[in-house]
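Chemist: Sharing a structure here in structure tokens format.
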Amino acid sequence: MSETEPKTRPSHVLEDPSAKVVARVYANAFLNAAGEAGQAEALEEFTSFVDDVLRPNPEFARLLTTEVTGREEKLGLIDRVVAPTGSERFTNFLRVLARHERLELLPLILGETWLEHEKRAGRQRVIVRTAAALDEKRLDGIRERLAAALPFEPILIPEVDETLVGGLVVQIGDTVHDGSLRTRIRDLKDRLRERYLNEIQSGRDRFSHPEGN
Amino acid sequence: MKFKADEIASVIQKEIEDFKGQIETAEVGRVVEVGDGIARAVGLSSAMAGEMVEFSNGTNGLCFNMEENSVGIIILGDYLNIQEGDEIKTTGQLLSVPVGEAMIGRVIDPLGNPLDGKGPIVTSERRPVETPAPGVADRQPVKEPLQTGIKAVDAMTPIGRGQRELIIGDRKTGKTAVALDTIINQKGGDVICIYVACGQRSASVAQVVEALEANGAMDYSIVISATASDPAPLQYIAPYAGAAIAEYFMYQGKHTLCVYDDLTKQAQAYRQLSLLMRRPPGREAYPGDVFYCHSRLLERAAKLNAELGGGSMTALPIIETLEGEVSAYIPTNVISITDGQIYLEPDLFFAGVRPAINVGISVSRVGGNAQTKAMKKVAGSLRLDLAAFRELEAFAQLGTELDAATQRQLDRGYRMVELLKQPQYEPLHFADQVISIYAGTKGYFDTVPVNQVARAEKEMLQFMADEKSEVRNAIIESKELSSETEDALKAALAEFRDRFKAEATGGLVGETAETA
């Protein structure tokens, strides 16, 4: 799976949360079937199938996912194209997907399989957002500090967001630790505004009747 | 006044020096869908039900639906600027509104932002919009009266402090007028009034504010406005926000009155949200928990016990019916929650009986204990008398010959109906009400022509206030009608009757001469 794929639109757009849940189920099953020892190999095959077979041959990918092709035809296609070169386990996995008519979830299942694989290996993705690109040395420093603080080994995914002005935003799963200058400036702005509202109000109260107006 | 630049500068400098940037930790998610006032988001894996969330453009939202893969959020504010893919952050807080003395006299939106252009409302305290109602042990029975200033209500469907009395009727039957008169009647008293406009026209709300201001009632009132043009989430939370603001005063031992105008519109806003959130529709397409939506709101009205300060919150919810259909879903729900209802009828309204209260089906389940002794004594049989009169009236329309006693009863009935009419924004003091109703039921107006009863009553009250103030004061002080006071009252009324008769005859003679 390539992480450097150019983004034409944000990844979450049109993301179907329920499809993701289904994909997670298949991802788990795939990894369990491969057993602990064979996980890396199975994952490599799966990734290569998506990257080297489906992506260069979009017609084949369409043939596999379209509803026009019937279930039996899809099974035949898998038997003829994948079975001779792929491992039996992977071919069977594709057959199961074809029988359940879930082949269109293949890229999603791959993504979930990677995440699950990393989780089982005690690693988790951590997005590190900064205003300017970080060099390797800095990233290593951050990785070390995070590894010491977190119960798992972090896989850093650096992102650049110029609007942060400065500082660092670390996102682990859904939780965001925001230490950016942008947030701090906004906080300061809110506090100052609240403070001067108070000053204005107390200034006004000084001139109004003590028992209210 | 002028600000001293140095003073402000030093304050700002101190703030900056004291400012310590801390890492802000929040749970985030992404918007996958935006609809009319609602959004659906993925992520936010540890969001709580009812928790406030913040969209990337600064708008707030409220977690409404927690689903397996997504979170349904109602948007409290402008939802047109929120787009698919926007980031959402949890705040770890429940929705709250600012509360405090500074709110009094202001017109605010359901989030506590001022709408009246009178500057910011500076209060340091906030209260969650949704709080549990006081428990059984925290309450005491309703026994203090809340005077509405409306004769028909105070005499026959009395309201006590801490009671929930429903005002129900078709459109344009004077529901809001009853509530407004009640607010205006609290002038000079110890009750803080909150008027929640929910789904009303902005023009009506402006009229209400103007009426309150003109009658000097804004000094002790707060108006919360979620008009028809506001998004459904704001209309939905408006009554809860009103209750939260009232609770603040209630727990300080003060008395409050909360008018929810109207809960039909709130139920409709809630229905809209629920359907957009794809909650299963039930009867009339309302969601299954629409009863709970109203019951948890109205349960917050209470009379607290002495340990908690003895404060109270009286609720006057308003429900609009269609063609008098009280057995529709929302009306029956709210009728069953409240401690009685004031039913307003269009037929009576157009017949000139205003307030158009149908005394036959209007009830107050707990208010009787709260009625003053004087009022209880004079109004005890009023409801039955009026019911008997309605029957006789129907009978009399058949054109049958009536004996003298029946005719007398009919005549008195006509005068009582006339006496219970009352113009808007003219609430009466309870002593005046007692005197009026006493005079009516004891037949002191029997000699007055029906069309002059209103004038006679006005003059009689003026006479009592100017010349017999000792009788009126005795009623006010003792709040009961002892036999001595009653004797004095009888004598005074008899004196007035004699005087009025002469004037009335004179007037009538004059009129006859002119027409002839």
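Residue names in the structure tokens use chain letters A, B, ... in the order shown, residue numbers from 1 in each chain, and ligand numbers from 1 in the order shown.
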Which residues of chain A are close to chain B, meaning at most 6 Å apart when you count only C-alpha atoms, and how do they look as an MDAnalysis selection string?
Modeler: chainID A and resid 13 17 174:179 184
Chemist: Give me the residues within 8 Å of Cys258 in chain B as a list in words, counting only C-alpha atoms and dropping any in the same chain fewer than 2 places off.
Modeler: Cys193, Ile194, Tyr195, Val196, Gly242, Ala243, Ala246, Thr256, Tyr260, Met313, Thr314, Ala315, Leu316 and Pro317 of chain B
Chemist: I need the residues from that last selection saved to file as a PDB file, in the first residue's frame (with N, CA and C atoms), if you can.
Modeler:
ATOM      1  N   CYS B 193     -39.781  36.308  35.971  1.00  0.00           N
ATOM      2  CA  CYS B 193     -40.525  35.656  34.893  1.00  0.00           C
ATOM      3  C   CYS B 193     -39.623  35.394  33.689  1.00  0.00           C
ATOM      4  N   ILE B 194     -39.809  34.242  33.095  1.00  0.00           N
ATOM      5  CA  ILE B 194     -39.043  33.889  31.903  1.00  0.00           C
ATOM      6  C   ILE B 194     -40.032  33.501  30.819  1.00  0.00           C
ATOM      7  N   TYR B 195     -39.929  34.172  29.692  1.00  0.00           N
ATOM      8  CA  TYR B 195     -40.815  33.871  28.572  1.00  0.00           C
ATOM      9  C   TYR B 195     -39.984  33.229  27.480  1.00  0.00           C
ATOM     10  N   VAL B 196     -40.281  31.974  27.166  1.00  0.00           N
ATOM     11  CA  VAL B 196     -39.533  31.270  26.124  1.00  0.00           C
ATOM     12  C   VAL B 196     -40.394  31.236  24.867  1.00  0.00           C
ATOM     13  N   GLY B 242     -34.447  27.920  29.070  1.00  0.00           N
ATOM     14  CA  GLY B 242     -35.287  28.741  29.950  1.00  0.00           C
ATOM     15  C   GLY B 242     -35.379  28.125  31.333  1.00  0.00           C
ATOM     16  N   ALA B 243     -35.576  26.793  31.353  1.00  0.00           N
ATOM     17  CA  ALA B 243     -35.690  26.103  32.637  1.00  0.00           C
ATOM     18  C   ALA B 243     -34.379  26.226  33.417  1.00  0.00           C
ATOM     19  N   ALA B 246     -34.147  29.621  34.962  1.00  0.00           N
ATOM     20  CA  ALA B 246     -35.088  29.729  36.083  1.00  0.00           C
ATOM     21  C   ALA B 246     -34.585  28.939  37.291  1.00  0.00           C
ATOM     22  N   THR B 256     -39.908  31.758  40.599  1.00  0.00           N
ATOM     23  CA  THR B 256     -39.824  32.025  39.163  1.00  0.00           C
ATOM     24  C   THR B 256     -41.074  31.513  38.463  1.00  0.00           C
ATOM     25  N   TYR B 260     -43.600  28.581  28.457  1.00  0.00           N
ATOM     26  CA  TYR B 260     -43.054  27.948  27.250  1.00  0.00           C
ATOM     27  C   TYR B 260     -44.062  28.128  26.121  1.00  0.00           C
ATOM     28  N   MET B 313     -40.386  27.065  40.885  1.00  0.00           N
ATOM     29  CA  MET B 313     -40.497  27.344  39.463  1.00  0.00           C
ATOM     30  C   MET B 313     -41.880  26.910  39.018  1.00  0.00           C
ATOM     31  N   THR B 314     -42.673  27.869  38.578  1.00  0.00           N
ATOM     32  CA  THR B 314     -44.006  27.567  38.076  1.00  0.00           C
ATOM     33  C   THR B 314     -43.906  27.517  36.559  1.00  0.00           C
ATOM     34  N   ALA B 315     -44.475  26.490  35.964  1.00  0.00           N
ATOM     35  CA  ALA B 315     -44.391  26.374  34.509  1.00  0.00           C
ATOM     36  C   ALA B 315     -45.755  26.606  33.891  1.00  0.00           C
ATOM     37  N   LEU B 316     -45.790  27.433  32.863  1.00  0.00           N
ATOM     38  CA  LEU B 316     -47.016  27.620  32.089  1.00  0.00           C
ATOM     39  C   LEU B 316     -46.729  27.199  30.649  1.00  0.00           C
ATOM     40  N   PRO B 317     -46.775  25.903  30.369  1.00  0.00           N
ATOM     41  CA  PRO B 317     -46.568  25.487  28.989  1.00  0.00           C
ATOM     42  C   PRO B 317     -47.791  25.842  28.147  1.00  0.00           C
TER      43      PRO B 317
END
Chemist: If DSSP is run on the backbone, what residues of range 120-237 of chain B are strand (DSSP E)? A reply as number ranges by chain would be ideal.
Modeler: B: 125-128, 166-169, 191-200, 221-227
Chemist: Suppose we keep N, CA and C atoms; can you now write the selection as a PDB file, in the first residue's frame?
Modeler:
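For reference, out-v5.pdb as written:
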ATOM      1  N   GLU B 125     -21.343  32.789  35.879  1.00  0.00           N
ATOM      2  CA  GLU B 125     -21.888  31.460  36.133  1.00  0.00           C
ATOM      3  C   GLU B 125     -22.598  30.883  34.922  1.00  0.00           C
ATOM      4  N   ARG B 126     -22.537  29.579  34.809  1.00  0.00           N
ATOM      5  CA  ARG B 126     -23.253  28.869  33.760  1.00  0.00           C
ATOM      6  C   ARG B 126     -23.974  27.686  34.391  1.00  0.00           C
ATOM      7  N   ARG B 127     -24.991  27.211  33.709  1.00  0.00           N
ATOM      8  CA  ARG B 127     -25.735  26.041  34.197  1.00  0.00           C
ATOM      9  C   ARG B 127     -26.000  25.114  33.029  1.00  0.00           C
ATOM     10  N   PRO B 128     -25.854  23.799  33.228  1.00  0.00           N
ATOM     11  CA  PRO B 128     -26.154  22.891  32.119  1.00  0.00           C
ATOM     12  C   PRO B 128     -27.614  23.032  31.699  1.00  0.00           C
ATOM     13  N   LEU B 166     -51.153  23.915  32.176  1.00  0.00           N
ATOM     14  CA  LEU B 166     -51.121  24.000  30.722  1.00  0.00           C
ATOM     15  C   LEU B 166     -52.129  25.028  30.218  1.00  0.00           C
ATOM     16  N   ILE B 167     -51.724  25.817  29.245  1.00  0.00           N
ATOM     17  CA  ILE B 167     -52.658  26.707  28.560  1.00  0.00           C
ATOM     18  C   ILE B 167     -52.832  26.132  27.165  1.00  0.00           C
ATOM     19  N   ILE B 168     -54.052  25.701  26.853  1.00  0.00           N
ATOM     20  CA  ILE B 168     -54.262  24.976  25.606  1.00  0.00           C
ATOM     21  C   ILE B 168     -55.420  25.594  24.840  1.00  0.00           C
ATOM     22  N   GLY B 169     -55.319  25.612  23.546  1.00  0.00           N
ATOM     23  CA  GLY B 169     -56.397  26.156  22.727  1.00  0.00           C
ATOM     24  C   GLY B 169     -55.970  26.285  21.284  1.00  0.00           C
ATOM     25  N   VAL B 191     -41.559  37.518  41.968  1.00  0.00           N
ATOM     26  CA  VAL B 191     -41.431  36.431  41.000  1.00  0.00           C
ATOM     27  C   VAL B 191     -40.629  36.905  39.783  1.00  0.00           C
ATOM     28  N   ILE B 192     -39.619  36.124  39.413  1.00  0.00           N
ATOM     29  CA  ILE B 192     -38.841  36.415  38.204  1.00  0.00           C
ATOM     30  C   ILE B 192     -39.476  35.627  37.062  1.00  0.00           C
ATOM     31  N   CYS B 193     -39.781  36.308  35.971  1.00  0.00           N
ATOM     32  CA  CYS B 193     -40.525  35.656  34.893  1.00  0.00           C
ATOM     33  C   CYS B 193     -39.623  35.394  33.689  1.00  0.00           C
ATOM     34  N   ILE B 194     -39.809  34.242  33.095  1.00  0.00           N
ATOM     35  CA  ILE B 194     -39.043  33.889  31.903  1.00  0.00           C
ATOM     36  C   ILE B 194     -40.032  33.501  30.819  1.00  0.00           C
ATOM     37  N   TYR B 195     -39.929  34.172  29.692  1.00  0.00           N
ATOM     38  CA  TYR B 195     -40.815  33.871  28.572  1.00  0.00           C
ATOM     39  C   TYR B 195     -39.984  33.229  27.480  1.00  0.00           C
ATOM     40  N   VAL B 196     -40.281  31.974  27.166  1.00  0.00           N
ATOM     41  CA  VAL B 196     -39.533  31.270  26.124  1.00  0.00           C
ATOM     42  C   VAL B 196     -40.394  31.236  24.867  1.00  0.00           C
ATOM     43  N   ALA B 197     -39.952  31.942  23.830  1.00  0.00           N
ATOM     44  CA  ALA B 197     -40.669  31.915  22.555  1.00  0.00           C
ATOM     45  C   ALA B 197     -40.016  30.843  21.706  1.00  0.00           C
ATOM     46  N   CYS B 198     -40.815  29.838  21.341  1.00  0.00           N
ATOM     47  CA  CYS B 198     -40.245  28.708  20.615  1.00  0.00           C
ATOM     48  C   CYS B 198     -41.017  28.524  19.317  1.00  0.00           C
ATOM     49  N   GLY B 199     -40.379  28.782  18.204  1.00  0.00           N
ATOM     50  CA  GLY B 199     -41.042  28.623  16.912  1.00  0.00           C
ATOM     51  C   GLY B 199     -42.075  29.683  16.617  1.00  0.00           C
ATOM     52  N   GLN B 200     -42.015  30.820  17.321  1.00  0.00           N
ATOM     53  CA  GLN B 200     -42.968  31.910  17.077  1.00  0.00           C
ATOM     54  C   GLN B 200     -42.476  32.785  15.930  1.00  0.00           C
ATOM     55  N   SER B 221     -38.140  40.334  34.033  1.00  0.00           N
ATOM     56  CA  SER B 221     -38.392  39.255  33.072  1.00  0.00           C
ATOM     57  C   SER B 221     -37.179  39.000  32.188  1.00  0.00           C
ATOM     58  N   ILE B 222     -37.134  37.794  31.648  1.00  0.00           N
ATOM     59  CA  ILE B 222     -36.119  37.415  30.666  1.00  0.00           C
ATOM     60  C   ILE B 222     -36.883  36.816  29.487  1.00  0.00           C
ATOM     61  N   VAL B 223     -36.546  37.217  28.280  1.00  0.00           N
ATOM     62  CA  VAL B 223     -37.199  36.640  27.107  1.00  0.00           C
ATOM     63  C   VAL B 223     -36.161  35.820  26.350  1.00  0.00           C
ATOM     64  N   ILE B 224     -36.496  34.549  26.118  1.00  0.00           N
ATOM     65  CA  ILE B 224     -35.621  33.689  25.327  1.00  0.00           C
ATOM     66  C   ILE B 224     -36.308  33.455  23.996  1.00  0.00           C
ATOM     67  N   SER B 225     -35.630  33.795  22.931  1.00  0.00           N
ATOM     68  CA  SER B 225     -36.312  33.767  21.646  1.00  0.00           C
ATOM     69  C   SER B 225     -35.656  32.797  20.682  1.00  0.00           C
ATOM     70  N   ALA B 226     -36.412  31.807  20.248  1.00  0.00           N
ATOM     71  CA  ALA B 226     -36.000  30.930  19.142  1.00  0.00           C
ATOM     72  C   ALA B 226     -37.146  30.996  18.162  1.00  0.00           C
ATOM     73  N   THR B 227     -37.048  31.883  17.206  1.00  0.00           N
ATOM     74  CA  THR B 227     -38.179  32.127  16.319  1.00  0.00           C
ATOM     75  C   THR B 227     -38.246  31.065  15.233  1.00  0.00           C
TER      76      THR B 227
END
Chemist: Excluding range 94-109 of chain A and any residue of its chain fewer than 4 positions from it, enumerate the residues within 10 Å of it, using only C-alpha atoms, and give them as number ranges by chain.
Modeler: A: 1, 15, 19-28, 30, 46-47, 50-51, 54, 61-62, 64-67, 70-79, 82-83, 88-90, 113-115
Chemist: Write out as a PDB file with C-alpha atoms, in the first residue's frame the residues lying within 8 Å of range 37-39 of chain B, counting only C-alpha atoms and excluding same-chain residues fewer than 4 positions away.
Modeler:
ATOM      1  CA  VAL B  31     -18.056  15.414   9.021  1.00  0.00           C
ATOM      2  CA  VAL B  32     -19.381  12.904   6.509  1.00  0.00           C
ATOM      3  CA  GLU B  33     -22.850  14.339   6.042  1.00  0.00           C
ATOM      4  CA  GLY B  72     -25.197  12.207  14.869  1.00  0.00           C
ATOM      5  CA  ILE B  73     -24.752  15.832  15.853  1.00  0.00           C
ATOM      6  CA  ILE B  74     -27.290  18.634  16.044  1.00  0.00           C
ATOM      7  CA  ILE B  75     -25.792  21.943  14.989  1.00  0.00           C
ATOM      8  CA  LEU B  76     -26.457  24.911  17.251  1.00  0.00           C
ATOM      9  CA  TYR B  79     -25.027  25.008   9.522  1.00  0.00           C
ATOM     10  CA  PRO B 231     -32.723  26.290  13.099  1.00  0.00           C
ATOM     11  CA  ALA B 232     -34.677  23.420  14.652  1.00  0.00           C
ATOM     12  CA  PRO B 233     -31.925  22.559  17.190  1.00  0.00           C
ATOM     13  CA  LEU B 273     -34.334  16.507  14.152  1.00  0.00           C
ATOM     14  CA  LEU B 276     -33.291  13.691   9.953  1.00  0.00           C
ATOM     15  CA  MET B 277     -31.324  11.537  12.368  1.00  0.00           C
TER      16      MET B 277
END
Chemist: Could you please determine the separation between CA of Gln93 in chain B and CA of Leu304 in chain B in Å, to one decimal place?
Modeler: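 Atom-to-atom, CA of Gln93 in chain B to CA of Leu304 in chain B, that is 27.3 Å.
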